[in-house]
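*Asks:* Below you'll find start.txt; it's compact mmCIF, C-alpha atoms and all ligand atoms.
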# COMPACT_ATOMS: atom_id res chain seq x y z
CA MET A 123 -16.66 -3.21 8.24
CA SER A 124 -16.59 -6.02 10.73
CA GLU A 125 -19.96 -7.39 11.74
CA ARG A 126 -19.21 -7.67 15.42
CA PRO A 127 -20.61 -4.92 17.67
CA GLU A 128 -18.63 -1.68 17.70
CA PHE A 129 -17.33 0.03 20.82
CA GLU A 130 -18.17 -2.81 23.16
CA ALA A 131 -16.08 -3.62 26.21
CA VAL A 132 -13.98 -6.69 25.50
CA GLY A 133 -13.04 -8.33 28.77
CA HIS A 134 -9.56 -9.30 29.86
CA CYS A 135 -8.75 -12.92 29.03
CA GLY A 136 -8.75 -13.70 32.74
CA GLY A 137 -6.51 -16.14 34.57
CA ARG A 138 -4.72 -16.11 37.90
CA VAL A 139 -1.39 -14.50 38.68
CA THR A 140 0.26 -16.11 41.67
CA ILE A 141 3.09 -14.45 43.59
CA ARG A 142 4.91 -16.99 45.78
CA VAL A 143 7.25 -15.53 48.41
CA LEU A 144 9.65 -17.82 50.23
CA THR A 145 12.69 -17.62 52.48
CA ASP A 146 15.48 -20.18 51.99
CA GLU A 147 17.53 -21.89 54.72
CA ARG A 148 20.09 -19.04 54.64
CA GLY A 149 17.36 -16.50 55.30
CA ARG A 150 17.34 -15.06 51.78
CA ARG A 151 13.90 -14.06 50.49
CA GLY A 152 12.90 -14.72 46.95
CA TYR A 153 9.74 -14.79 44.89
CA GLN A 154 8.25 -16.47 41.87
CA VAL A 155 5.43 -15.20 39.70
CA THR A 156 3.31 -17.64 37.66
CA TRP A 157 0.33 -17.17 35.40
CA SER A 158 -2.37 -19.76 34.83
CA HIS A 159 -5.39 -19.65 32.61
CA CYS A 160 -8.34 -21.98 32.17
CA ARG A 161 -11.13 -19.93 30.58
CA PRO A 162 -12.37 -21.05 27.14
CA VAL A 163 -11.16 -17.87 25.40
CA PRO A 164 -7.96 -17.00 23.54
CA ALA A 165 -5.23 -15.77 25.87
CA VAL A 166 -1.80 -14.46 24.97
CA MET A 167 0.49 -12.27 26.95
CA PHE A 168 3.66 -10.32 26.96
CA CYS A 169 5.96 -9.42 29.75
CA VAL A 170 7.46 -6.10 30.73
CA TRP A 171 10.21 -5.15 33.14
CA ALA A 172 9.07 -2.43 35.51
CA LEU A 173 10.79 -0.37 38.17
CA PRO A 174 9.47 -1.13 41.68
CA SER A 175 7.81 2.29 41.58
CA GLY A 176 5.55 0.88 38.85
CA ILE A 177 7.02 2.35 35.68
CA PRO A 178 7.42 -0.12 32.79
CA PHE A 179 10.70 0.44 30.98
CA CYS A 180 11.33 -2.45 28.60
CA LEU A 181 9.74 -5.46 27.03
CA ALA A 182 10.95 -8.72 28.61
CA GLU A 183 12.23 -11.33 26.17
CA LEU A 184 10.67 -14.63 27.16
CA GLY A 185 12.96 -17.46 26.16
CA GLY A 186 11.67 -20.96 25.53
CA ILE A 187 10.69 -23.21 28.42
CA GLY A 188 13.72 -23.85 30.64
CA SER A 189 15.86 -21.10 29.18
CA PRO A 190 17.10 -18.54 31.68
CA VAL A 191 15.38 -15.16 31.90
CA LYS A 192 17.82 -12.27 31.52
CA VAL A 193 17.13 -9.75 34.29
CA PRO A 194 18.15 -6.21 33.34
CA PRO A 195 20.78 -4.81 35.74
CA VAL A 196 18.89 -1.97 37.40
CA PRO A 197 19.86 -0.65 40.85
CA GLY A 198 17.04 -1.36 43.28
CA GLY A 199 15.82 -4.29 41.21
CA VAL A 200 13.02 -4.74 38.74
CA PHE A 201 9.74 -6.62 38.59
CA GLN A 202 8.59 -8.77 35.72
CA VAL A 203 4.93 -8.08 34.94
CA PHE A 204 2.68 -10.21 32.71
CA VAL A 205 0.30 -8.14 30.60
CA SER A 206 -2.38 -10.33 29.07
CA SER A 207 -4.54 -9.94 25.99
CA ASP A 208 -8.27 -9.45 25.97
CA SER A 209 -10.66 -12.37 25.59
CA GLU A 210 -10.31 -12.18 21.78
CA GLY A 211 -6.54 -12.58 21.91
CA LEU A 212 -5.89 -8.92 21.04
CA PHE A 213 -3.95 -6.23 22.91
CA GLY A 214 -5.28 -2.71 23.34
CA ARG A 215 -2.86 -0.01 22.14
CA CYS A 216 -2.81 3.74 22.46
CA CYS A 217 -0.74 6.16 20.37
CA PRO A 218 1.39 8.64 22.33
CA ALA A 219 1.32 11.09 19.42
CA CYS A 220 -2.37 11.22 18.41
CA ASN A 221 -3.97 9.42 21.37
CA GLY A 222 -5.73 7.02 18.97
CA TYR A 223 -6.82 3.67 20.39
CA TRP A 224 -6.79 0.34 18.55
CA ARG A 225 -6.27 -3.38 19.16
CA ALA A 226 -3.57 -5.57 17.64
CA SER A 227 -2.78 -9.26 17.62
CA VAL A 228 0.91 -8.86 18.41
CA ARG A 229 2.62 -7.74 21.58
CA ASP A 230 5.02 -5.42 19.78
CA PRO A 231 3.32 -3.31 17.11
CA GLN A 232 5.50 -0.41 16.10
CA PHE A 233 3.22 1.87 14.11
CA CYS A 234 0.11 3.87 14.87
CA PRO A 235 -2.64 2.94 12.38
CA TYR A 236 -3.97 6.51 12.42
CA CYS A 237 -0.99 8.87 12.28
CA GLY A 238 1.62 6.30 11.20
CA VAL A 239 4.07 7.33 13.91
CA SER A 240 6.70 4.71 14.68
CA ALA A 241 7.67 4.18 18.32
CA PRO A 242 9.05 1.53 20.67
CA THR A 243 6.17 -0.73 21.55
CA LEU A 244 6.10 0.22 25.26
CA ASN A 245 5.07 3.72 24.19
CA PHE A 246 1.85 2.21 22.89
CA LEU A 247 0.64 0.79 26.22
CA THR A 248 -2.90 1.90 27.07
CA PRO A 249 -3.57 3.91 30.27
CA GLY A 250 -5.36 0.77 31.55
CA GLN A 251 -2.27 -1.40 31.01
CA VAL A 252 0.03 1.22 32.55
CA SER A 253 -2.22 1.41 35.61
CA TYR A 254 -2.27 -2.40 35.84
CA VAL A 255 1.55 -2.51 35.83
CA ALA A 256 1.64 0.14 38.57
CA GLN A 257 -0.90 -1.76 40.70
CA PHE A 258 0.99 -5.02 40.20
CA CYS A 259 4.27 -3.42 41.31
CA ALA A 260 2.54 -1.95 44.39
CA LYS A 261 1.30 -5.45 45.24
CA MET A 262 4.82 -6.85 44.79
CA ARG A 263 6.25 -4.20 47.11
CA GLU A 264 3.57 -4.98 49.68
CA VAL A 265 4.16 -8.75 49.71
CA LEU A 266 7.95 -8.40 49.74
CA GLU A 267 7.91 -5.82 52.53
CA SER A 268 5.77 -8.02 54.80
CA ASP A 269 7.71 -10.58 56.82
CA VAL A 270 5.36 -13.42 56.05
CA ASP A 271 6.05 -15.95 53.29
CA GLY A 272 3.19 -17.38 51.29
CA GLU A 273 1.07 -17.21 48.17
CA HIS A 274 -0.76 -14.15 46.89
CA VAL A 275 -3.22 -14.56 44.07
CA ILE A 276 -4.37 -11.80 41.73
CA ASP A 277 -7.70 -12.92 40.35
CA MET A 278 -7.85 -11.75 36.73
CA ASP A 279 -10.96 -13.89 36.18
CA ALA A 280 -12.82 -11.41 38.39
CA VAL A 281 -11.33 -8.63 36.24
CA ALA A 282 -12.56 -10.40 33.09
CA ASP A 283 -16.06 -10.92 34.53
CA ALA A 284 -16.44 -7.24 35.41
CA ALA A 285 -16.03 -5.99 31.83
CA GLY A 286 -19.13 -4.36 30.39
CA ARG A 287 -21.01 -4.56 33.71
CA GLU A 288 -22.27 -1.62 35.71
CA THR A 289 -20.65 -2.92 38.86
CA GLU A 290 -17.81 -1.63 40.94
CA LYS A 291 -14.61 -2.74 39.24
CA PRO A 292 -12.25 -5.08 41.10
CA PRO A 293 -8.60 -4.19 41.75
CA PHE A 294 -6.30 -4.58 38.73
CA TYR A 295 -9.25 -3.92 36.42
CA TYR A 296 -8.75 -3.02 32.80
CA ALA A 297 -10.62 -3.96 29.63
CA GLU A 298 -10.35 -3.30 25.91
CA GLU A 299 -12.92 -2.00 23.47
CA SER A 300 -13.93 -3.33 20.06
CA GLN A 301 -13.42 -0.80 17.27
CA GLN A 302 -14.98 -0.57 13.81
CA ASN A 303 -12.77 -2.29 11.30
CA ARG A 304 -11.10 -5.52 12.30
CA PHE A 305 -8.88 -6.69 9.48
CA THR A 306 -6.11 -9.19 8.95
CA CYS A 307 -3.32 -7.40 7.11
CA ALA A 308 -2.86 -8.89 3.64
CA GLU A 309 0.88 -8.25 3.80
CA CYS A 310 1.96 -9.52 7.22
CA GLY A 311 -1.07 -11.56 8.36
CA GLU A 312 -1.54 -9.80 11.70
CA VAL A 313 -4.87 -8.54 13.02
CA ASN A 314 -5.73 -4.87 13.64
CA ASP A 315 -9.01 -3.48 14.97
CA ILE A 316 -9.24 0.24 14.21
CA LEU A 317 -11.62 3.16 14.38
CA GLY A 318 -13.12 4.03 11.00
CA ARG A 319 -12.20 2.15 7.83
CA PHE A 320 -8.78 3.11 6.61
CA GLY A 321 -5.48 2.95 8.45
CA TYR A 322 -1.98 1.51 8.54
CA CYS A 323 -1.30 -2.01 9.73
CA SER A 324 0.28 -1.37 13.13
CA VAL A 325 2.75 -4.22 12.57
CA CYS A 326 4.09 -3.58 9.05
CA SER A 327 2.64 -0.09 8.31
CA THR A 328 0.97 -1.11 5.05
CA TRP A 329 -2.02 1.17 4.30
CA ASN A 330 -5.18 -0.97 4.13
CA GLY A 331 -6.99 0.98 1.39
CA LEU A 332 -6.32 -1.45 -1.47
CA GLN A 333 -7.17 -4.42 0.74
CA GLU A 334 -10.47 -2.82 1.81
CA LEU A 335 -11.35 -2.28 -1.84
CA THR A 336 -10.42 -5.72 -3.15
CA GLU A 337 -11.59 -7.82 -0.19
CA LYS A 338 -14.72 -5.99 0.92
CA VAL A 339 -16.02 -3.44 -1.59
CA VAL A 340 -15.45 -5.23 -4.88
CA PRO A 341 -16.99 -8.63 -3.94
CA GLY A 342 -20.09 -6.76 -2.71
CA LEU A 343 -20.31 -4.70 -5.90
CA ARG A 344 -19.85 -7.74 -8.14
CA ALA A 345 -22.59 -9.64 -6.30
CA ARG A 346 -24.96 -6.70 -6.72
CA ILE A 347 -24.13 -6.34 -10.42
CA ASN A 348 -24.71 -10.05 -10.96
CA SER A 349 -28.03 -9.91 -9.13
CA GLY A 350 -29.40 -7.68 -11.90
CA GLY A 351 -30.09 -4.02 -12.72
CA PRO A 352 -30.64 -1.19 -12.76
CA HIS A 353 -26.88 -0.88 -13.08
CA GLU A 354 -26.53 2.91 -12.87
CA SER A 355 -26.23 2.84 -9.07
CA TYR A 356 -23.38 0.30 -9.25
CA VAL A 357 -21.35 2.57 -11.54
CA ARG A 358 -22.04 5.48 -9.19
CA ASP A 359 -21.01 3.44 -6.13
CA ALA A 360 -17.87 2.03 -7.77
CA VAL A 361 -16.61 5.50 -8.66
CA SER A 362 -17.56 6.88 -5.21
CA GLU A 363 -15.63 4.08 -3.52
CA PHE A 364 -12.62 4.84 -5.66
CA ASP A 365 -12.92 8.52 -4.78
CA SER A 366 -12.89 7.87 -1.03
CA LEU A 367 -10.07 5.34 -1.44
CA VAL A 368 -7.90 7.88 -3.26
CA GLY A 369 -8.87 10.46 -0.64
CA GLY A 370 -7.35 8.28 2.09
CA TYR A 371 -4.03 7.89 0.27
CA VAL A 372 -3.88 11.58 -0.64
CA VAL A 373 -4.52 12.74 2.94
CA GLU A 374 -1.56 10.60 4.03
CA LEU A 375 0.69 11.85 1.22
CA VAL A 376 -0.14 15.45 2.08
CA ARG A 377 0.44 14.81 5.79
CA ARG A 378 3.64 12.80 5.50
CA VAL A 379 5.47 14.05 2.45
CA GLY A 380 7.12 17.46 2.46
CA MET A 381 5.60 19.65 -0.27
CA SER A 382 4.70 23.25 -0.98
CA SER A 383 1.34 24.53 0.21
CA ALA A 384 0.29 25.16 -3.41
CA ARG A 385 0.92 21.50 -4.18
CA LYS A 386 -0.86 20.43 -1.00
CA ASN A 387 -3.87 22.48 -2.03
CA ARG A 388 -3.96 21.10 -5.52
CA LEU A 389 -3.78 17.51 -4.29
CA SER A 390 -6.31 18.00 -1.50
CA LYS A 391 -8.82 19.68 -3.78
CA ARG A 392 -8.56 17.22 -6.66
CA THR A 393 -11.94 15.96 -7.72
CA PHE A 394 -12.74 12.80 -9.58
CA GLN A 395 -15.44 14.37 -11.65
CA ASN A 396 -12.63 14.75 -14.12
CA LEU A 397 -10.44 11.67 -14.09
CA LYS A 398 -7.85 13.09 -16.52
CA SER A 399 -7.04 16.15 -14.42
CA ALA A 400 -6.94 14.13 -11.18
CA VAL A 401 -4.55 11.68 -12.84
CA ALA A 402 -2.40 14.59 -14.05
CA ASP A 403 -2.31 16.13 -10.54
CA LEU A 404 -1.11 12.91 -8.93
CA ARG A 405 1.45 12.32 -11.66
CA GLU A 406 2.81 15.83 -11.49
CA ALA A 407 2.87 16.15 -7.68
CA MET A 408 3.86 12.64 -6.64
CA ASP A 409 5.02 10.84 -9.76
CA ILE A 410 2.23 8.31 -9.20
CA ASP A 411 0.66 7.07 -12.44
CA LEU A 412 -2.88 5.78 -11.84
CA LEU A 413 -3.13 4.73 -15.48
CA GLU A 414 0.03 2.64 -15.74
CA GLY A 415 -0.69 -0.39 -17.91
CA ILE A 416 -4.20 0.83 -18.79
CA SER A 417 -5.06 1.19 -22.50
CA VAL A 418 -6.27 4.46 -24.02
CA ASP A 419 -9.62 2.83 -24.73
CA ASP A 420 -10.05 1.81 -21.06
CA MET A 421 -8.89 5.21 -19.90
CA GLU A 422 -11.50 6.94 -22.09
CA PHE A 423 -14.18 4.60 -20.78
CA ALA A 424 -13.18 5.22 -17.13
CA GLY A 425 -13.17 8.99 -17.76
CA LEU A 426 -16.69 8.76 -19.14
CA MET A 427 -17.92 6.74 -16.15
CA PHE A 428 -16.39 9.30 -13.78
CA HIS A 429 -18.38 12.07 -15.51
CA ARG A 430 -21.51 9.93 -15.40
CA ARG A 431 -21.09 9.31 -11.68
CA HIS A 432 -21.63 13.05 -11.20
CA VAL A 433 -24.83 12.89 -13.27
CA TYR A 434 -26.13 9.89 -11.28
CA GLU A 435 -25.27 11.53 -8.00
CA HIS A 436 -26.47 15.07 -8.62
CA LYS A 437 -28.66 15.17 -11.75
CA GLY A 438 -30.94 12.17 -11.25
CA GLY A 439 -29.15 10.41 -14.09
CA VAL A 440 -30.40 12.86 -16.74
CA VAL A 441 -27.94 14.32 -19.27
CA ASP A 442 -27.40 18.07 -18.96
CA GLU A 443 -25.33 20.49 -21.03
CA LYS A 444 -22.40 20.40 -18.65
CA TYR A 445 -22.15 16.61 -18.93
CA ILE A 446 -22.07 16.77 -22.72
CA ALA A 447 -19.51 19.60 -22.71
CA ASP A 448 -17.23 18.03 -20.07
CA SER A 449 -17.38 14.40 -21.16
CA GLY A 450 -17.60 14.86 -24.94
CA ASP A 451 -20.05 11.93 -24.91
CA LYS A 452 -21.64 11.94 -28.38
CA SER A 453 -23.74 8.85 -27.82
CA VAL A 454 -26.44 10.64 -25.83
CA ARG A 455 -28.67 13.70 -26.23
CA LEU A 456 -29.65 16.49 -23.85
CA GLY A 457 -32.38 15.42 -21.40
CA GLN A 458 -31.83 11.71 -22.00
CA ALA A 459 -31.75 9.35 -19.01
CA LEU A 460 -28.44 7.51 -18.92
CA HIS A 461 -28.33 3.73 -18.62
CA GLU A 462 -25.62 1.24 -17.78
CA SER A 463 -25.27 -2.47 -18.40
CA ALA A 464 -23.81 -5.26 -16.28
CA GLU A 465 -20.88 -5.20 -18.69
CA SER A 466 -20.11 -1.51 -18.20
CA ALA A 467 -20.51 -1.88 -14.41
CA HIS A 468 -18.06 -4.81 -14.30
CA ARG A 469 -15.67 -2.97 -16.58
CA ILE A 470 -15.48 0.10 -14.36
CA VAL A 471 -15.02 -2.13 -11.28
CA ASN A 472 -12.08 -3.83 -13.02
CA LEU A 473 -10.58 -0.48 -13.88
CA ILE A 474 -10.86 1.05 -10.42
CA VAL A 475 -9.08 -2.01 -8.99
CA ARG A 476 -6.26 -1.61 -11.51
CA MET A 477 -5.95 2.10 -10.77
CA ALA A 478 -6.05 1.40 -7.02
CA ARG A 479 -3.18 -1.09 -7.39
CA ASN A 480 -1.13 1.54 -9.22
CA LEU A 481 -1.91 4.07 -6.50
CA HIS A 482 -1.06 1.66 -3.67
CA ARG A 483 2.25 0.72 -5.26
CA GLY A 484 3.17 4.36 -5.91
CA PHE A 485 2.15 5.37 -2.38
CA HIS A 486 4.34 2.74 -0.72
CA GLU A 487 7.29 3.65 -2.92
CA ILE A 488 7.06 7.06 -1.24
CA VAL A 489 5.97 5.89 2.24
CA PRO A 490 7.66 2.49 2.49
CA PRO A 491 6.13 -0.23 4.69
CA ASN A 492 8.30 -2.17 7.12
CA GLU A 493 9.58 -4.96 4.85
CA GLU A 494 11.37 -6.67 7.70
CA ALA A 495 8.11 -7.01 9.67
CA ILE A 496 6.36 -8.34 6.56
CA ARG A 497 9.05 -11.00 6.01
CA PHE A 498 9.18 -11.93 9.71
CA HIS A 499 5.43 -12.34 10.16
CA LYS A 500 5.06 -14.17 6.84
CA ARG A 501 7.70 -16.65 7.98
CA LEU A 502 5.83 -17.11 11.27
CA SER A 503 2.50 -17.72 9.57
CA ASN A 504 4.08 -20.09 7.01
CA ARG A 505 5.54 -22.08 9.87
CA ALA A 506 2.18 -22.14 11.69
CA GLY A 507 0.53 -23.18 8.41
CA SER A 508 2.96 -25.99 7.70
CA SER A 509 2.64 -27.37 11.25
CA GLY A 510 -1.14 -27.45 10.96
CA GLY A 511 -1.73 -24.27 12.99
CA ALA A 512 -4.39 -21.72 12.24
CA GLY A 513 -1.92 -19.13 10.94
CA ALA A 514 -0.85 -15.91 12.52
CA GLY A 515 -3.35 -13.71 14.22
ZN ZN A 601 -1.07 8.09 16.27
ZN ZN A 602 0.72 -5.75 8.23
How does the structure come out when it is put into structure tokens?
Ligand SMILES: [Zn+2]
Ligand SMILES: [Zn+2]

*Replies:*
Amino acid sequence: MSERPEFEAVGHCGGRVTIRVLTDERGRRGYQVTWSHCRPVPAVMFCVWALPSGIPFCLAELGGIGSPVKVPPVPGGVFQVFVSSDSEGLFGRCCPACNGYWRASVRDPQFCPYCGVSAPTLNFLTPGQVSYVAQFCAKMREVLESDVDGEHVIDMDAVADAAGRETEKPPFYYAEESQQNRFTCAECGEVNDILGRFGYCSVCSTWNGLQELTEKVVPGLRARINSGGPHESYVRDAVSEFDSLVGGYVVELVRRVGMSSARKNRLSKRTFQNLKSAVADLREAMDIDLLEGISVDDMEFAGLMFHRRHVYEHKGGVVDEKYIADSGDKSVRLGQALHESAESAHRIVNLIVRMARNLHRGFHEIVPPNEEAIRFHKRLSNRAGSSGGAGAG
């Protein structure tokens, strides 16, 4: 989880949008829109083409400085509208299919992190952004319909200042909201800020489960193991983390892959008290082999730790008849308190990472990520890296 506050209003990045209307010597009226920014916060923006009635209909391609802007041929004309990021350099997004809200570092994410739906990026505008575009177009109509030339300034600094305050909001107001898990996708390098823990990267549609495990959970577990015992709770937590990680992948498989309801049931109800049967279910239903490359000895050890997790969680760590019957553990006697060592705790952590990698690979063979987006954004971040930039994001 990110350590920044959750669900806090994140103000607009601010700036000033200036609409300059002028009439040339032949009496033809024209206008120019410019955007300036001088607040000490990140600010990025994208541009949309909108109908004068205020409906955005396509993303505007901004060429380099000096290159001509291609205006789409629409009867009645179109307006170009700048939509800026929040003060953390992220854009709010809203899914048209599940209504989920998140923030992303790019102007054109194509996937919902929650339901995985793929859509043209304009479909992911938030209601706040859509309302801003409509208000901007109304302002454009107003200044163009008046006979007076001149400059009209939209003060987005006032919009930025109003975020999170209990004051009346200024015109053009919209703000974003911090979510719960802000992560930089390990595959494409772009930033997502999502509700909950697990989700797809909205840029390349890689599921973040493996990344959450390896970058956040495992370092924490290793530090706790190294800080000393008792080690039983670390084994319990490692297996629990693996269980919830697998749960995330399975929910997505069940939701996105066509299968019979019997198969859905079996997958959804799998329990990791018994590693062998859960492994068999995933192999049989999805052809995903959690144990690929894992020795029989390691598999037996992992199976034992999965049984023990149940004892630590529900039996106070004391061996009961069911544990002995299910696990076949001959090294302990009925009523004995189980103990773990730093070595066994590290070993199970290693094994859950290896099984998670197998699961992640198998999952994305079935639900492929957007390889083109991964290549494109990697190239961008390599370029930024080689020119001394801070990388993508
Ligand atoms: Zn969605
Ligand atoms: Zn990504």

*Asks:* Show me the residues around (2.2, -12.9, 39.7) - criterion: an atom at most 9 Å away, only C-alpha atoms counted - as an mmCIF file with C-alpha atoms, keeping the file's coordinate frame.

*Replies:*
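Once written, out_20.cif looks like this:
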data_model
loop_
_atom_site.group_PDB
_atom_site.id
_atom_site.type_symbol
_atom_site.label_atom_id
_atom_site.label_comp_id
_atom_site.auth_asym_id
_atom_site.auth_seq_id
_atom_site.Cartn_x
_atom_site.Cartn_y
_atom_site.Cartn_z
ATOM 1 C CA ARG A 138 -4.720 -16.110 37.900
ATOM 2 C CA VAL A 139 -1.390 -14.500 38.680
ATOM 3 C CA THR A 140 0.260 -16.110 41.670
ATOM 4 C CA ILE A 141 3.090 -14.450 43.590
ATOM 5 C CA ARG A 142 4.910 -16.990 45.780
ATOM 6 C CA GLN A 154 8.250 -16.470 41.870
ATOM 7 C CA VAL A 155 5.430 -15.200 39.700
ATOM 8 C CA THR A 156 3.310 -17.640 37.660
ATOM 9 C CA TRP A 157 0.330 -17.170 35.400
ATOM 10 C CA GLN A 202 8.590 -8.770 35.720
ATOM 11 C CA VAL A 203 4.930 -8.080 34.940
ATOM 12 C CA PHE A 204 2.680 -10.210 32.710
ATOM 13 C CA PHE A 258 0.990 -5.020 40.200
ATOM 14 C CA MET A 262 4.820 -6.850 44.790
ATOM 15 C CA HIS A 274 -0.760 -14.150 46.890
ATOM 16 C CA VAL A 275 -3.220 -14.560 44.070
ATOM 17 C CA ILE A 276 -4.370 -11.800 41.730
#

*Asks:* Just want the residues within 8 Å of ligand ZN 601 (chain A), written as a ChimeraX atom specification, counting only C-alpha atoms and all ligand atoms.

*Replies:* /A:216-222,233-239

*Asks:* Would you write out, as a tab-separated table, a table of all residues in chain A that have an atom no more than 6 Å from an atom of ligand ZN 602 (chain A), listing for each the closest atom pair and the distance in Å to one decimal, considering all atoms listed in the file and ordering rows by chain and rising residue number?

*Replies:*
residue	atom	partner	partner_atom	distance
A:Cys307	CA	A:ZN602	ZN	4.5
A:Glu309	CA	A:ZN602	ZN	5.1
A:Cys310	CA	A:ZN602	ZN	4.1
A:Glu312	CA	A:ZN602	ZN	5.8
A:Cys323	CA	A:ZN602	ZN	4.5
A:Val325	CA	A:ZN602	ZN	5.0
A:Cys326	CA	A:ZN602	ZN	4.1
A:Ser327	CA	A:ZN602	ZN	6.0
A:Thr328	CA	A:ZN602	ZN	5.6

*Asks:* Restrict the selected residues to C-alpha atoms and save them as a CSV table (one decimal), in the coordinates of the input.

*Replies:*
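So the final result, stored in again_23.csv, reads:
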chain,number,residue,atom,x,y,z
A,307,CYS,CA,-3.3,-7.4,7.1
A,309,GLU,CA,0.9,-8.2,3.8
A,310,CYS,CA,2.0,-9.5,7.2
A,312,GLU,CA,-1.5,-9.8,11.7
A,323,CYS,CA,-1.3,-2.0,9.7
A,325,VAL,CA,2.8,-4.2,12.6
A,326,CYS,CA,4.1,-3.6,9.0
A,327,SER,CA,2.6,-0.1,8.3
A,328,THR,CA,1.0,-1.1,5.0

*Asks:* Could you check how far atom CA of Val379 of chain A sits from atom CA of Ala407 of chain A, in Å to one decimal?

*Replies:* 10.7 Å

*Asks:* Residues of segment 348-457 of chain A within 10 Å of segment 335-344 of chain A: nearest atom pair and distance (Å, one decimal) for each, counting all atoms listed in the file, sorted by chain and number, as a Markdown table?

*Replies:*
| residue | atom | partner | partner_atom | distance |
| --- | --- | --- | --- | --- |
| A:Asn348 | CA | A:Arg344 | CA | 6.1 |
| A:Ser349 | CA | A:Arg344 | CA | 8.5 |
| A:Tyr356 | CA | A:Leu343 | CA | 6.8 |
| A:Val357 | CA | A:Leu343 | CA | 9.3 |
| A:Asp359 | CA | A:Leu343 | CA | 8.2 |
| A:Ala360 | CA | A:Leu343 | CA | 7.4 |
| A:Glu363 | CA | A:Val339 | CA | 7.8 |
| A:Phe364 | CA | A:Leu335 | CA | 8.2 |
| A:Leu367 | CA | A:Leu335 | CA | 7.7 |

*Asks:* Write out as an MDAnalysis selection string the residues lying within 8 Å of Arg430 of chain A, counting all atoms listed in the file and excluding same-chain residues fewer than 4 positions away.

*Replies:* chainID A and resid 358 426 434 439 445

*Asks:* Measuring between all atoms listed in the file, which one of A:Arg388, A:Phe129, A:Pro490, A:Glu183 shows the shortest distance to Gly318 of chain A?

*Replies:*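 Distance minimum relative to Gly318 of chain A lands on A:Phe129.
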
*Asks:* Measuring atom to atom with all atoms listed in the file, identify which of A:Phe305, A:Phe485, A:Phe168, A:Tyr296 is nearest to Arg225 of chain A.

*Replies:*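 Under the stated criterion, the closest residue is A:Phe305.
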
*Asks:* Which one of A:Val166, A:Val191, A:Val373, A:Val205 sits closest to Gly321 of chain A if you count only C-alpha atoms?

*Replies:* A:Val373

*Asks:* Please measure the separation of atom CA of Glu354 of chain A and atom CA of Phe394 of chain A, giving the value in Å to one decimal.

*Replies:*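 Taking atom CA of Glu354 of chain A as the start and atom CA of Phe394 of chain A as the end point, the length is 17.3 Å.
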
*Asks:* Could you list as a PyMOL selection string every residue that has an atom within 12 Å of (-2.9, -10.4, 10.0), using the file's coordinates and counting only C-alpha atoms?

*Replies:* chain A and resi 212+226-228+231+304-315+323-328+330+333+495-496+499-500+502-503+512-515

*Asks:* One decimal, Å: what's the distance from atom CA of Asn492 of chain A over to atom CA of Gln232 of chain A, could you say?

*Replies:* 9.6 Å
